[in-house]
Structure formats: structure tokens, C-alpha cells
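S.K.: Sending over a structure as C-alpha cells; questions will come in a sec.
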Amino acid sequence: MDQDHRFEQALRQYIIGFVLALALTGVPFALVAWGKLPGSVTLLFVLLCGLTQMVVQFRYFLHIDFTQQKREDLLLILFSTLLLAIMAGGTIWIMTNLAHRMH
Amino acid sequence: MKGEAVRHPGINLGDDHGEAHSAAETLVFGFWVFLMSDLIVFGLMFATYVTMLTPNSFAGGPEPKDVFNLGSAFAQTILLLLSSLAMGFAGLALRYKHSVVRVNVWLLISLFLGIGFLALEINDFRDMIEMGAVPSRSGFLSAFFGLVPLHGLHVTAGCIWIVIMLIQLRVFGPNTVVKTRLLRLGLFWHFLDIVWIGIFSIVFLGGLA
């Protein structure tokens with residue numbers, strides 16, 4: 001494969017990522033600005049769009065995916081995410097539960 | 001990216017960069033270890049912030065709805081996303097075009113967009129402080145000023161890093177050391193945009209929804 005072709009392929013990845021990121025940013029902002037949906041529905045949608053955009057940016061900007069990667073490097077990222085989920089999730093769970101009981 | 005030897009996760013220089021491509025393997029892996037530990041720091045600041053969203057933590061002071069500006073948050077988001085894209089283009093210019101001029105132009109665009117982001121963010125902080133929403137006012141505001149300016153501080157460090165790379169490109173040219181540093185700068189900059197997704201979703205949109 002020649003250089004120009006590879007360049008175009010890589011460029012396309014960034015453009016796709018950018019367009020997806022723009023959409024996943026615009027829609028939740030528009031929903032919050034519109035403000036007609038119930039708060040919890042909006043919040044759920046915002047969080048889903050945020051998570052999706054994180055995956056999109058990892059995939060198209062940082063080029064992290066499940067193919068062609070050295071497994072131990074991918075595991076570093078997945079394990080950090082797992083640790084974070086346990087620590088952050090645990091903190092939020094325990095502290096909101098505590099706040100609830102204090103009322 | 002098919003047909004290319006991928007040596008490490010994320011952006012690769014490519015085989016025709018020879019020495020720099022193989023040197024990047026350990027350097028980039030080490031940098032990922034740093035990024036992931038930084039991710040844990042940010043994640044725990046997020047967790048602290050979320051626990052500070054109960055009425056008790058507002059302490060009768062301003063609430064998210066009173067202090068956040070949706071338009072400004074949107075403008076900051078777009079500026080940082082464009083800056084991340086420009087940094088991606090700088091990486092493409094380095095990898096495929098071997099053009100120092102192009103790398104310089106994209107780095108400068110990325111730098112100015114980053115500075116624009118910081119200017120808007122600092123303006124928001126000033127507005128908040130003027131209306132009495134200072135870090136010591138409540139637990140909510142302490143957590144806010146722990147989390148969001150921490151990201152701003154990272155962006156500031158990133159901007160300084162871009163300036164240093166512009167100088168190094170001029171002084172040393174695109175040698176192995178400079179190329180692998182640019183590679184890591186790209187990872188850092190994209191990573192900061194990913195952290196910002198969490199900030200605008202949880203802090204700004206979460207607070208205003």
C-alpha cells in the first residue's frame with residue numbers, strides 16, 4: 001500500500017471520528033437547552049452520549065480497538081477502567097447511601 | 001491502518017520512520033501507564049464531585065443551575081474538540097507527509113484553540129467568583145474547583161508542551177527524540193479531550209439537566 005493511500009485512510013478515520021464526536025456533543029447540549037424532557041431522561045441520555053463519545057474518540061483519535069493491538073497494552077487500559085469503575089462506583093454508592101440515611 | 005506494523009496501542013509512527021518507530025514502543029507504553037494513572041486521579045475527582053451534589057453539600061449557597069453557563073460550556077467543548085482534531089492532523093503530517101511546515105501549522109492551530117478554551121474557562125471562573133461562588137463557599141464548589149481547574153491545569157501544561165515542541169522542531173528538526181515526543185503529546189492532548197467529555201456531561205449538562 002502506498003503512502004498517499006495510507007494517508008487518506010488515516011485522514012478518513014479522523015474525519016469520521018470528528019463528525020461522530022460533533023453529533024454526540026450537539027445532541028445532548030441541544031436536549032439540555034431545549035429542557036422539555038424530564039430531568040432524569042435527559043441525564044440518562046447525556047451520560048449515554050458521553051460514554052459513546054469516549055469510545056468514539058478512543059477508537060478514531062487514539063486508534064485503540066480490539067484488533068491489531070498488543071494484548072498486554074489493551075489490558076492496561078481495560079484494567080485501569082475496571083479499577084476506576086470499582087473505586088468511583090463504590091465511592092458514589094457508599095456516599096449517596098450515607099447521605100440518604102442521614103436524613 | 002491495515003497493512004502497517006502496529007507496535008503499541010494508539011498512534012503509531014509507521015515503518016518508514018525506522019528508528020523512531022521502534023524507539024516509540026517502550027516510550028509510548030510508559031506514557032500510557034502515566035495516562036491511565038492520571039485517569040484514576042480524574043475519576044476519583046469525578047466521584048468526589050458526584051457525592052457533593054446533595055442539597056446538604058450546597059450549604060445554602062449557589063447550586064449548579066445558578067453558576068453554570070450552557071453556551072460557554074458548549075463553546076469550550078467545540079474549541080477543545082477542534083484542537084484535538086488539529087493535533088491529530090499534526091500527527092498525520094508527521095507520519096505521512098514528513099513535512100515540518102505542516103506539523104508546525106497544525107501545532108500552532110491546536111495551540112491557539114487550546115488557549116481559546118482556557119480563556120473562556122478562566123472567564124467562567126471569574127464570573128463564578130464574582131457572584132460569590134468561591135471554593136470555600138460549599139462542598140459542592142470545593143469539589144467543582146478541585147475537578148474542572150485540574151483539567152484546565154492539564155490543558156495549560158499541554159499548551160506549554162506544544163510551545164516547547166515548536167521550539168524543538170525548529171532547533172533539532174524532526175529527529176527520533178522529537179518525533180516520539182510529538183507522538184506522546186498527541187496522546188496527551190486526545191486524552192484531555194476525553195476527560196473533558198466526562199466534565200461537560202457530568203458537571204455542566206448533569207448540573208443543568
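If you're wondering about the labels, chains in the C-alpha cells are A, B, ... by order shown, residues count from 1 in each chain, ligands from 1 in order shown.
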Mind checking which residues fall within 9 Å of region 109-126 of chain B, counting only C-alpha atoms, ignoring those fewer than 4 positions away in the same chain, and posting them as a PyMOL selection string?

M.R.: chain B and resi 67-69+72-73+75-80+82-87+90+104-105+130-131+133-134+145+149+152+155-156+158-160+162-163

S.K.: His100 (chain A): which residues within 12 Å, counting only C-alpha atoms, same-chain residues fewer than 6 positions away excluded, as a list in words?

M.R.: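 Counting only the stated atoms, we get Ile92, Trp93 and Ile94 of chain A; Thr51, Thr54, Pro55 and Asn56 of chain B.
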
S.K.: May I have all residues of chain A that DSSP, computed from the backbone, assigns to helix (DSSP H, G or I), given as number ranges by chain?

M.R.: A: 3-34, 39-60, 71-101

S.K.: Between CA of Met95 (chain A) and CA of Ala143 (chain B), what distance in Å does the model show, to one decimal?

M.R.: 14.2 Å

S.K.: Using only C-alpha atoms, find the one residue out of B:Phe29, B:Phe140, B:Phe58, B:Trp161 that sits nearest to chain A.

M.R.: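 So, comparing all the options, the nearest one is B:Phe29.
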
S.K.: Choose the residue, out of B:Ala157, B:Val171, B:Val203, B:Leu108, that has the smallest atom-to-atom separation from chain A; count only C-alpha atoms.

M.R.: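 Smallest separation from chain A among the options: B:Val203.
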
S.K.: Need the shell around Gly30 (chain B): protein/DNA/RNA residues with any atom at most 12 Å away, counting only C-alpha atoms. Skip same-chain ones fewer than 3 positions apart. Format as a PyMOL selection string?

M.R.: (chain A and resi 73+76) or (chain B and resi 8-9+23-27+33-37+184+187)

S.K.: Can you tell me which residues surround Val177 (chain B) at a distance of at most 9 Å, considering only C-alpha atoms, apart from same-chain residues fewer than 3 positions away, and format the answer as a list in words?

M.R.: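 Non-adjacent residues within range: Ala20, Ala23, Pro174, Thr180, Arg181 and Leu182 of chain B.
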
S.K.: Can you tell me which residues surround Ala30 (chain A) at a distance of at most 10 Å, considering only C-alpha atoms, apart from same-chain residues fewer than 5 positions away, and format the answer as number ranges by chain?

M.R.: A: 25, 35; B: 70, 74

S.K.: Just C-alpha atoms for this one: save the residues we selected as a CSV table (one decimal), in the first residue's frame.

M.R.:
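So the final result, stored in out_30.csv, reads:
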chain,number,residue,atom,x,y,z
A,25,THR,CA,-21.8,16.7,21.6
A,35,GLY,CA,-35.3,21.4,28.5
B,70,LEU,CA,-24.5,26.3,28.9
B,74,PHE,CA,-20.6,24.4,24.5

S.K.: Which is closest to Cys49 (chain A) among B:Leu185, B:Val28, B:Ile202, B:Leu107, if we use only C-alpha atoms?

M.R.: B:Ile202

S.K.: Write out as a PDB file with C-alpha atoms, in the first residue's frame each polymer residue whose atoms come within 8 Å of Ser40 (chain A), counting only C-alpha atoms; drop sequence neighbours fewer than 3 positions from it.

M.R.:
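As a result, result_28.pdb now contains:
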ATOM      1  CA  LEU A  43     -29.482  12.918  32.256  1.00  0.00           C
ATOM      2  CA  LEU A  44     -29.549   9.294  31.137  1.00  0.00           C
TER       3      LEU A  44
ATOM      4  CA  ALA B 209     -30.487  18.999  33.046  1.00  0.00           C
TER       5      ALA B 209
END

S.K.: Excluding Phe79 (chain A) and residues on its chain fewer than 4 positions from it, collect all residues at most 12 Å away from it, counting only C-alpha atoms, and give them as a PyMOL selection string.

M.R.: (chain A and resi 71-75+83-86) or (chain B and resi 33+36-37+39-40)

S.K.: Report, in Å to a single decimal, how far apart CA of Lys97 (chain B) and CA of Ala21 (chain A) are.

M.R.: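 Atom-to-atom, CA of Ala21 (chain A) to CA of Lys97 (chain B), that is 25.6 Å.
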
S.K.: Pick the closest to Lys65 (chain B) from B:Ile129, B:Gly173, B:Leu53, B:Leu94: which is it, counting only C-alpha atoms?

M.R.: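 Closest residue, counting only C-alpha atoms: B:Leu53.
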